[in-house]
Structure formats: C-alpha cells, structure tokens
Amino acid sequence: MATLLQPEKVLYLVRGEKKIRVPLSQLYFCRYCSELRSLECVSHEVDSHFCPSCLENMPSAEAKLKKNRCANCFDCPCCMHTLSTRATNIPAPLPDDPTKTTMKKAYYLACGFCRWTSRDVGMADKSVASGGWQEPENPHTQRINKLIEYYQQLAQREKLERDRKKLARRRPFMPQAFSQHTIHVVEKYGLGTRLQRQRSGAPISALYGLSLKEGEDQKEITIESAQALDEVEPLPEDYYTRPVNLPEVTTLRQRLLQPDFQPAGASQLHPRHKHLLMKRSLRCRKCEHNLSKPEFNPTSIKFKIQLVAVSYIPEVRIMSIPNLRHLKESQVLLTLTNPVENITHVSLYTCEEGDPDDINSTAKVLVPSKELVLAGKDAAAEYDELAEPQGFQDDPDVVAFRKSNKIGFFIKVIPQREEGDVTVAFKLRHDFRNLAAPIRPTEEGEATSEAIWLTHHVELSLGPLAT
Amino acid sequence: MADPNAKQTGQKSVKIAAGAVVCVESDIRGDVTIGARTVVHPKARIIAEAGPIVIGEGNLIEEQALIINSYPENILPDAEDVEPKTMSIGINNVFEVGCVSQALKIGDNNVIESKGEVAASERRVDGVMQVKLMCVMCLCSAEVGRNVILSSGCIVGACCQVNTCEVIQENTVIYGSECLRRVQTERPQPQTLQLDFLMKILPNYHHLKKTVKGNSTPARS
C-alpha cells in the first residue's frame with residue numbers, strides 16, 4: 001500500500017519553457033505570477049558555501065581561493081567518506097634526556113567505513129591534531145598558474161577592446177557612466193571584479209576609457225608554447241607478463257576524483273580536502289521574486305522564504321486501486337488535501353479531445369461533476385478532541401470520507417488499452433487567495449483578498465492492468 | 001577421553017575456560033569450547049549442530065551474533081558419513097552485533113561487523129536489533145559463509161555477505177554495498193580496552209555461566 005503513496009504516481013504539469021511533469025512535492029509556486037514553477041524554470045543562485053562535515057560557513061571569495069574545499073576536513077581517497085583523526089600513544093625520547101622515553105600523542109587519519117588509514121600511503125603521523133596534513137603538490141601547478149594569468153590578461157585586453165569599440169560608437173563625453181557599465185560585464189576567466197582590481201593594482205573605473213595604455217599593465221606575461229616530444233618513456237619490460245595485483249589497482253572513480261594525479265596504484269592515493277556544499281536560492285525568471293531562500297546558518301535547515309507548491313496547491317494522492325480490467329469501469333479512490341487555511345473549492349474536469357497536454361493517458365476517466373469543498377487546514381484540529389462535525393453535505397457516491405482538510409473521492413476509470421500501465425489525466429481547478437497581493441485600502445471593508453481560479457493538469461499512473 | 005561416558009557428555013557440554021565472561025542469557029548449544037578472556041554477550045548464539053566449535057582467547061561475541069556449525073544444506077542430519085567438522089575460531093576476533101558466521105575456520109584479529117554474513121547460500125536475517133547498554137560499535141550486520149576461511153586481520157564490513165568458497169587473504173577489508181575489497185597494511189587492533197571494560201562491567205549486570213576447568217562435567221546453563 002505504501003507504494004501508492006509514492007509521489008511519482010501523481011504528476012502535475014508545469015507550463016514553463018518546457019512542459020514538465022513532476023510530482024507536486026518537487027515544485028514551487030510563484031505567488032506573484034500565480035503559476036507553478038519547477039526546478040528547470042527558475043534561476044539558481046548560490047547563497048553560501050559550507051563544509052558538510054564540520055558545518056563551517058565560508059564566504060564565497062574564500063571558497064574560490066581554496067578551490068571550494070574545506071581547510072580542516074578530508075575525504076577518504078578510497079571510499080570518499082569523511083576521514084576522522086585518531087590518536088595513538090607512541091614512545092618518544094624526551095627533548096632533555098634522550099635516554100628516557102615518554103608517551104607522546106601521534107595523530108593519523110582513518111576512515112571508519114573502509115578502514116583506510118593515512119599510514120597506508122606512507123604519510124607519517126603528525127603531532128598536531130589538525131592542520132598538519134598537507135595535500136601533495138601538483139607538479140604542474142606553476143605552469144597552470146602561468147597559463148591562467150596569461151589568459152586572464154588576454155581576456156581583459158579583449159574586454160577593453162570591446163569596450164573601446166562601444167565607446168567609440170557612443171558619445172565621447174560619457175566615460176564615467178560608461179565605466180560603471182563595464183564592471184557588470186561578466187569576465188571570461190576573471191576571479192571576480194574585486195579581486196581583479198586588486199591584482200592589476202589600480203581601480204578600473206578611473207583608468208578606463210579613452211586609450212589603452214600598454215604600459216599600464218607592467219606584468220606583460222608571455223608563455224612558452226607546449227612542446228611536443230618525440231620520445232616517450234618506454235614501457236617496463238614485464239608490463240605484459242607481470243600478474244596484476246588487484247587490490248593495488250585503483251578504481252576509475254578513485255582515480256578521477258584526483259584529476260591532477262590520477263594515480264594508478266592504491267599506495268599513491270592521498271586524501272584530499274573535502275568539497276564544500278552550497279546552499280542555493282531559487283528565483284522566478286519572470287517576476288524575479290525569490291521562491292526559496294535558505295537560512296544562512298549551515299546548521300539550520302529552515303528557510304527564510306519557502307514558496308513550495310505543496311503549501312498552496314491542493315494535493316491529489318491515490319488511496320486505493322481496484323483490479324483494473326480492459327474496457328471495464330472501475331472506481332479508484334483518491335484523496336485531496338487542502339494545504340491552506342481557508343475553505344477551498346475544487347472542481348475536476350476531464351481533458352477534452354485533442355488537448356495538447358494530454359499525451360500520456362491510456363484510459364478514460366469520469367470525474368465527479370460537482371464541486372468539491374475542502375475545509376481549511378486547522379493546525380489545532382489534531383489536539384481538539386471535541387471537533388465539531390463539519391457541516392458539509394457530501395454526496396456518498398462521490399465523497400468517500402472527509403477528515404479535517406482532506407476528502408476521499410471516487411473517479412471512474414475505463415482502461416482503453418489491453419496491455420501496459422494505466423495512466424489517466426484530468427484538470428484540477430481550484431480557487432486561490434493571494435495573500436501576497438499588496439494591501440489596497442479597503443473602503444468596502446472586505447477582509448479577504450480576491451480569489452483567482454487556477455487550473456492544473458494532473459496525471460495519475462495507476463499501475464498495470466490486473467491479469 | 002577413554003571412558004565412553006565422558007565422551008557422550010563431552011559431546012553436549014560447553015567448556016568455558018577460566019577468565020571468560022559468558023552471560024547466562026546467551027544461547028550456547030552443543031559441544032563448544034570457549035577460551036580465556038573471551039566475552040560472550042547476552043543473546044549471542046553459539047550453536048554446534050554438526051560438529052564442535054572451538055573458540056580461542058580474547059574474542060568478543062556481541063549480542064545477536066550467531067556462530068553456527070550447521071549441516072550443509074542438502075545433507076540431512078541423519079545421513080551416514082557426515083563427519084563432524086570442527087569449527088575453530090582463533091584469538092582476538094570480534095563478532096559484532098547481529099552478525100552471522102558459518103565459516104569453518106577463522107584466524108586471529110578478524111572483525112565481522114554488524115549484520116555481516118559469512119554464510120553458505122542460506123541467508124539468515126536477524127530480527128530487530130537490540131541496543132546494547134554499553135556498545136559503541138556500528139549498526140548493520142555482516143554474514144560469513146561455510147566454505148570461507150578467514151585468515152588473519154580480515155574485516156567483513158557491515159551488511160556484507162561473503163558466501164564464496166575461498167580463503168580470504170590476510171588484512172582484507174570487505175566493505176560497501178557491493179562488497180568491495182581492499183587490503184590494508186595493518187591488522188585491526190585487538191580490542192583489549194573494550195574487553196577489559198566489559199569483563200569488569202558485565203558481571204555487575206548479568207549472571208555468568210560457570211567456568212569449567214577442563215573436565216567433562218556439563219556446565220549449568
């Protein structure tokens with residue numbers, strides 16, 4: 001029975017740039033546009049970075065400098081779990097008296113999952129609990145850094161040229177306003193305008209403009225081109241005859257997690273700093289309002305703004321499915337839950353012939369023609385034992401049961417195909433009171449805002465036909 | 001063991017060496033010998049059906065662990081020519097909560113983590129886990145099968161099953177949902193601290209089975 005409650009059984013259609021069918025729990029609702037939004041039709045923005053194991057927040061600039069890795073935590077190179085620091089006592093000679101030995105603490109890294117330790121790769125135990133572990137240096141770092149600098153300089157020059165052309169087209173007495181415009185142009189390889197400014201050693205706005213001074217950039221970086229070598233190191237002689245030591249060979253995943261070394265042997269797998277995760281905020285592309293904004297604190301899972309669809313749109317869930325037979329009418333019991341606190345009126349319509357949204361349905365459906373009324377969600381209802389019976393007159397053919405803000409109702413399904421899964425679709429129309437609308441002066445004294453009627457296309461997958 | 005009386009009772013007896021801590025609530029059946037400094041927790045099950053089990057010293061057998069010397073599947077217990085094979089377990093092994101071991105030979109310093117199975121094709125799934133009073137170990141179980149021989153220093157990770165017919169190399173770690181393997185450079189440390197702690201604390205909370213000093217009188221269970 002629990003499989004019927006799975007959210008993928010009921011899909012809502014999102015009419016964005018692409019038409020997507022997604023369960024309601026994965027959708028957002030823009031209150032201002034009064035439309036459903038999915039993850040694909042919103043813009044994602046990075047809010048903050050944090051380390052998943054030590055939950056330390058890191059400002060974005062620092063994160064970029066450290067290549068999005070935490071300074072304190074390490075990942076096991078073998079199973080990618082977080083490494084923990086363990087201590088052992090080793091006898092060490094006293095600094096004053098070499099003959100006596102005292103117990104000193106030595107620290108090593110160990111993985112709790114696959115039992116990898118830093119001693120496996122030959123890393124010596126450190127005497128400091130944290131901060132003593134170094135990642136191995138990439139032998140190509142210098143060359144890569146030089147190349148990056150060169151290309152950044154090139155990109156800067158290109159941008160200047162582009163701006164100069166634009167400036168030549170515009171009127172010449174507007175350089176000030178114009179230079180403010182250049183700052184917003186996204187740079188190609190840049191580290192961000194603030195850091196770029198620090199590097200070139202002068203504020204951009206004052207010196208831009210009319211002519212590009214070649215001498216302004218004192219560090220004229222030149223790179224030597226890469227040279228192709230004719231000779232390659234020969235393979236060792238026993239390369240084909242030596243038996244493979246399987247535990248020593250690294251898996252592809254282990255290898256590619258360290259792209260700068262890509263070690264082939266397990267004894268060269270060094271631990272790397274842990275990747276940071278980020279919190280993201282979502283923004284509606286049409287009205288630029290935030291749909292989801294998490295709290296800044298990494299330990300908090302709450303949201304400052306959380307406009308999820310489940311708290312605005314009534315949710316349809318499948319409660320029970322009888323045996324479905326080809327061309328025979330069966331009744332399916334569905335539930336409809338009202339997430340808001342006011343009474344909601346819901347009507348269901350079948351999809352018309354030739355509806356462009358209705359591509360997946362393999363059965364005909366007959367939905368109740370009357371309007372269904374859902375009571376508001378009352379947070380205190382579960383504690384209130386003396387709940388008054390709600391005065392709703394329900395047609396027993398349509399409404400199976402009613403419980404606070406939820407009703408169960410029947411739909412009739414006639415599968416049209418002999419084989420395959422049965423999928424039905426219908427339209428759900430409900431009224432939505434927009435509490436986000438600006439409060440207009442109520443001369444007539446109306447307390448509630450106006451209701452808009454929203455229509456959604458819902459698809460249910462009812463599973464295979466009964467054999 | 002010349003006299004037949006002793007032999008008969010010897011088959012059904014549980015010999016617990018001095019210094020071992022075996023709780024009364026543990027279920028030990030058949031001909032089982034438990035070495036010194038071994039701790040057997042309550043609700044651990046050591047069942048010697050198809051032959052005797054010899055457990056060495058310094059082992060730690062936690063709750064709901066099942067060490068069973070059972071008949072191989074297709075052979076009925078009443079069939080002839082079934083030689084009782086002795087299951088021998090070495091020293092300093094750890095059988096964590098809820099694990100199942102049917103391996104006939106286990107060396108030293110091995111760890112079978114929670115819900116690990118060293119079982120022949122038949123899988124034994126234990127029920128709900130009991131949370132121990134003083135346990136700090138992890139929470140899933142591993143299985144080890146009958147035709148497996150764990151040499152020394154092996155670790156069968158949580159929920160991993162080993163039911164192949166092979167000798168597991170020394171210092172192998174079997175981990176992960178796909179039972180990946182790797183060799184570690186050092187064996188797991190013997191749990192001496194934990195053993196000492198348990199040997200002090202367990203008698204405060206549980207009754208212990210009487211230790212038998214090597215003669216064949218059946219132990220009170």
# chains A, B, ... in the order shown; residues from 1 in each chain; ligands from 1
call {"tool": "interface_residues", "arguments": {"of": "chain A", "to": "chain B", "cutoff": "6 Å", "atoms": "only C-alpha atoms", "output": "ChimeraX atom specification"}}
result
/A:114,120,247
call {"tool": "residues_around", "arguments": {"residues": "segment 135-140 of chain A", "least_positions_apart": "6", "cutoff": "10 Å", "atoms": "only C-alpha atoms", "output": "list in words"}}
result
Phe74, Asp260, Phe261, His270, Pro271, Arg272 and His273 of chain A
call {"tool": "write_last_selection", "arguments": {"atoms": "all heavy atoms", "output": "compact mmCIF listing (two decimals), in the first residue's frame"}}
result
# COMPACT_ATOMS: atom_id res chain seq x y z
N PHE A 74 38.95 16.09 5.60
CA PHE A 74 39.49 15.31 4.49
C PHE A 74 38.53 14.23 4.07
O PHE A 74 37.72 13.75 4.85
CB PHE A 74 40.80 14.64 4.92
CG PHE A 74 41.95 15.59 5.00
CD1 PHE A 74 42.21 16.27 6.17
CD2 PHE A 74 42.74 15.83 3.90
CE1 PHE A 74 43.26 17.15 6.24
CE2 PHE A 74 43.79 16.71 3.96
CZ PHE A 74 44.05 17.37 5.14
N ASP A 260 44.38 15.72 -10.95
CA ASP A 260 45.73 16.18 -11.23
C ASP A 260 46.77 15.07 -11.11
O ASP A 260 47.83 15.16 -11.69
CB ASP A 260 46.12 17.38 -10.36
CG ASP A 260 45.36 17.40 -9.05
OD1 ASP A 260 44.60 16.46 -8.78
OD2 ASP A 260 45.51 18.38 -8.31
N PHE A 261 46.46 14.04 -10.34
CA PHE A 261 47.44 12.96 -10.25
C PHE A 261 46.99 11.69 -10.96
O PHE A 261 47.77 11.01 -11.59
CB PHE A 261 47.73 12.62 -8.79
CG PHE A 261 48.28 13.75 -8.02
CD1 PHE A 261 47.49 14.50 -7.20
CD2 PHE A 261 49.60 14.11 -8.17
CE1 PHE A 261 48.01 15.57 -6.50
CE2 PHE A 261 50.13 15.16 -7.48
CZ PHE A 261 49.33 15.90 -6.64
N HIS A 270 46.34 9.81 -2.08
CA HIS A 270 46.42 10.67 -0.92
C HIS A 270 45.06 11.28 -0.63
O HIS A 270 44.27 11.49 -1.53
CB HIS A 270 47.44 11.79 -1.19
CG HIS A 270 48.84 11.28 -1.14
ND1 HIS A 270 49.61 11.33 -0.01
CD2 HIS A 270 49.60 10.70 -2.08
CE1 HIS A 270 50.79 10.79 -0.26
NE2 HIS A 270 50.82 10.41 -1.50
N PRO A 271 44.79 11.57 0.61
CA PRO A 271 43.48 12.16 0.90
C PRO A 271 43.42 13.60 0.41
O PRO A 271 44.42 14.30 0.38
CB PRO A 271 43.40 12.11 2.43
CG PRO A 271 44.81 12.08 2.88
CD PRO A 271 45.59 11.39 1.83
N ARG A 272 42.23 14.03 0.04
CA ARG A 272 42.07 15.40 -0.41
C ARG A 272 41.11 16.10 0.53
O ARG A 272 40.31 15.47 1.21
CB ARG A 272 41.48 15.41 -1.82
CG ARG A 272 42.36 14.67 -2.76
CD ARG A 272 42.48 15.29 -4.08
NE ARG A 272 42.82 16.68 -4.07
CZ ARG A 272 42.81 17.42 -5.16
NH1 ARG A 272 42.47 16.88 -6.29
NH2 ARG A 272 43.13 18.69 -5.12
N HIS A 273 41.18 17.38 0.52
CA HIS A 273 40.27 18.16 1.34
C HIS A 273 38.85 17.96 0.87
O HIS A 273 38.61 17.73 -0.31
CB HIS A 273 40.63 19.64 1.25
CG HIS A 273 41.85 19.99 2.03
ND1 HIS A 273 41.84 20.16 3.39
CD2 HIS A 273 43.12 20.19 1.65
CE1 HIS A 273 43.06 20.45 3.80
NE2 HIS A 273 43.86 20.48 2.76
call {"tool": "closest_residue", "arguments": {"among": "B:Ile53, B:Ile46, B:Leu66, B:Leu195", "to": "Gly145 of chain B", "atoms": "only C-alpha atoms"}}
result
B:Leu66
call {"tool": "residues_around", "arguments": {"residues": "segment 18-20 of chain B", "least_positions_apart": "2", "cutoff": "6 Å", "atoms": "only C-alpha atoms", "output": "list of chain:residue names"}}
result
B:Ala36, B:Arg37, B:Thr38, B:Val39, B:Thr211
call {"tool": "write_last_selection", "arguments": {"atoms": "C-alpha atoms", "output": "PDB file, in the first residue's frame"}}
result
ATOM      1  CA  ALA B  36      40.013 -17.452  28.359  1.00  0.00           C
ATOM      2  CA  ARG B  37      39.345 -13.693  28.203  1.00  0.00           C
ATOM      3  CA  THR B  38      36.526 -14.193  25.777  1.00  0.00           C
ATOM      4  CA  VAL B  39      33.383 -12.202  26.347  1.00  0.00           C
ATOM      5  CA  THR B 211      33.524 -21.732  34.046  1.00  0.00           C
TER       6      THR B 211
END
call {"tool": "residues_around", "arguments": {"residues": "Val458 of chain A", "least_positions_apart": "5", "cutoff": "6 Å", "atoms": "only C-alpha atoms", "output": "list in words"}}
result
Leu11, Tyr12, Ala425, Phe426 and Lys427 of chain A
call {"tool": "write_last_selection", "arguments": {"atoms": "N, CA, C and O atoms", "output": "PDB file, in the first residue's frame"}}
result
ATOM      1  N   LEU A  11       1.437  13.245 -11.063  1.00  0.00           N
ATOM      2  CA  LEU A  11       2.299  14.273 -11.651  1.00  0.00           C
ATOM      3  C   LEU A  11       1.486  15.494 -12.016  1.00  0.00           C
ATOM      4  O   LEU A  11       0.365  15.376 -12.506  1.00  0.00           O
ATOM      5  N   TYR A  12       2.067  16.647 -11.777  1.00  0.00           N
ATOM      6  CA  TYR A  12       1.433  17.898 -12.170  1.00  0.00           C
ATOM      7  C   TYR A  12       2.211  18.471 -13.346  1.00  0.00           C
ATOM      8  O   TYR A  12       3.438  18.369 -13.396  1.00  0.00           O
ATOM      9  N   ALA A 425      -5.531  11.292 -16.905  1.00  0.00           N
ATOM     10  CA  ALA A 425      -5.227  12.702 -16.706  1.00  0.00           C
ATOM     11  C   ALA A 425      -6.530  13.472 -16.594  1.00  0.00           C
ATOM     12  O   ALA A 425      -7.527  13.130 -17.226  1.00  0.00           O
ATOM     13  N   PHE A 426      -6.487  14.519 -15.761  1.00  0.00           N
ATOM     14  CA  PHE A 426      -7.651  15.395 -15.685  1.00  0.00           C
ATOM     15  C   PHE A 426      -7.175  16.773 -15.258  1.00  0.00           C
ATOM     16  O   PHE A 426      -6.025  16.981 -14.896  1.00  0.00           O
ATOM     17  N   LYS A 427      -8.106  17.702 -15.305  1.00  0.00           N
ATOM     18  CA  LYS A 427      -7.773  19.071 -14.918  1.00  0.00           C
ATOM     19  C   LYS A 427      -8.341  19.351 -13.539  1.00  0.00           C
ATOM     20  O   LYS A 427      -9.474  18.982 -13.232  1.00  0.00           O
TER      21      LYS A 427
END
call {"tool": "closest_residue", "arguments": {"among": "B:Ile47, B:Ser152, B:Lys115, B:Gln191", "to": "Asn59 of chain B", "atoms": "only C-alpha atoms"}}
result
B:Gln191
call {"tool": "closest_residue", "arguments": {"among": "B:Val97, B:Ile61, B:Ile28, B:Ile168", "to": "His41 of chain B", "atoms": "only C-alpha atoms"}}
result
B:Ile61
call {"tool": "residues_around", "arguments": {"residues": "Glu56 of chain A", "least_positions_apart": "3", "cutoff": "9 Å", "atoms": "only C-alpha atoms", "output": "number ranges by chain"}}
result
A: 49-53, 70, 297-299
